[in-house]
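Report on the structure given below.
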Amino acid sequence: MEETLAKLDAELVGLTPVKRRVREIAALLLVDRARQKFGLSSSRPTLHMSFTGGPGTGKTTVALRMAEMLHALGYIRKPKVHTVTRDDLVGQFIGHTAPKTKEAIGRAVGGVLFIDEAYYLFRQENERDYGQEVIEILLQEMESERASLVVIFAGYSDRMDTFFSANPGLSSRVAHHIAFDDYTHAELIQIADLMMVAESFRFDDAGRDAFSEYLALRMEQPRFSNARSVRNAIERCRLRQAKRLVELQRPLTKDDLITITKDDVYGSSVFDSAKPQGDGADADETG
Ligand SMILES: Nc1ncnc2c1ncn2[C@@H]1O[C@H](COP(=O)(O)OP(=O)(O)O)[C@@H](O)[C@H]1O
Ligand SMILES: [Mg+2]
């Protein structure tokens, strides 16, 4: 378990409140285990959780570590996360929803069922929506004492609040609410450095300055997705680096191959201030 917690600390920049909450949950479960050893009776702790925050804030990554931790402590049989969204659970026709939901639960059983953008299950305007059926099946599953499944609900925090207030039954079965904040510019730079090292790349000094400028602009544009946008931006820098290197028409050194320069960054259309904002962000997602 210490190994998993150490991995969480090392691989994720920032997220201090999240890491603290994960350690609190770990401590709670460790004590629960110790009490069991002494035969002190108590019911199985409720392990269902909600992870709220914007896209690319690390929810999926932390869910994987959480599954490893719950597995190490013996609360689930396999350290696996099965991720689903509304379309994996809700059927198109009457009678199709229950089998679909049960199949998803079947796949997740013994591990974690991660429901991304969980609020799409609930459509207030439509009483006959099949999403309601999913919620009822989940509720039964979550209430069962012999539950062999941990459910994590994930999504934007404001919509999750609405979802939980409309479904108090679900809400009362969720013991741990963990909030993921958007990253600061400085954290995003650190995340970029971490990702670069992991891929055996580096920025030269001018390249890092350019990337810092890039991020400041990109953060203000639509559809900015925190660490995910950083990962995408690095991939596009690599494309431009490859094009630049091939055009050099000379033998390449190891240094050439690992270095991302300012030209590789400034090639992004995010710097193209002549274009309207929405356009810049679109181009950013494609090249
Ligand atoms: N704090 C962080 N430090 C380093 N990398 C991160 C961090 N948060 C997210 N990432 C990376 O960003 C990407 C998106 O993260 P993910 O967990 O899928 O976010 P979410 O599920 O909230 O959309 C992944 O490649 C992940 O490794
Ligand atoms: Mg995710």
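So you can find residues: chains in the structure tokens are A, B, ... in the order shown, residues in each start at 1, and ligands are numbered from 1 in order.
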> Do you know which residues are within 9 Å of ligand 1 using only C-alpha atoms and all ligand atoms? Can you write them as a ChimeraX atom specification?
Replying inline: /A:10-15,51-64,116,154-155,180,183,187-188,190-192,194-195,225-231
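Considering the residues A:Arg238, A:Arg77, A:His82, A:Arg208 and counting only C-alpha atoms and all ligand atoms, ligand 2 has its shortest atom-to-atom contact with A:His82.
Residues surrounding Val246 (chain A) within 12 Å are Leu239, Arg240, Leu252, Asp256 and Leu257 of chain A [only C-alpha atoms; sequence separation below 6 positions excluded].
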> Within 10 Å of region 265-268 of chain A, counting only C-alpha atoms, which residues qualify if same-chain residues fewer than 4 places away don't, as a list in words?
Replying inline: Phe203, Ala206, Gly207, Arg208, Asp209, Ala210, Phe211, Ser212, Glu213, Tyr214, Ala233, Ile234, Arg236, Cys237, Arg238, Arg240, Gln241, Ile260, Thr261, Asp272, Gly280, Ala283, Asp284 and Gly287 of chain A
> Please, which residues of region 52-145 of chain A, numbered as in this document, come out helix (DSSP H, G or I) from DSSP, as a PyMOL selection string?
Replying inline: chain A and resi 59-72+86-89+97-108+118-121+131-143
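Between CA of Asp182 (chain A) and CA of Ala6 (chain A) there is a distance of 22.2 Å.
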> Quick one: residues within 10 Å of Gly91 (chain A), only C-alpha atoms counted, chain neighbours fewer than 3 positions away excluded, as an NGL selection string?
Replying inline: :A and (86-88 or 94-101 or 130-131 or 134)
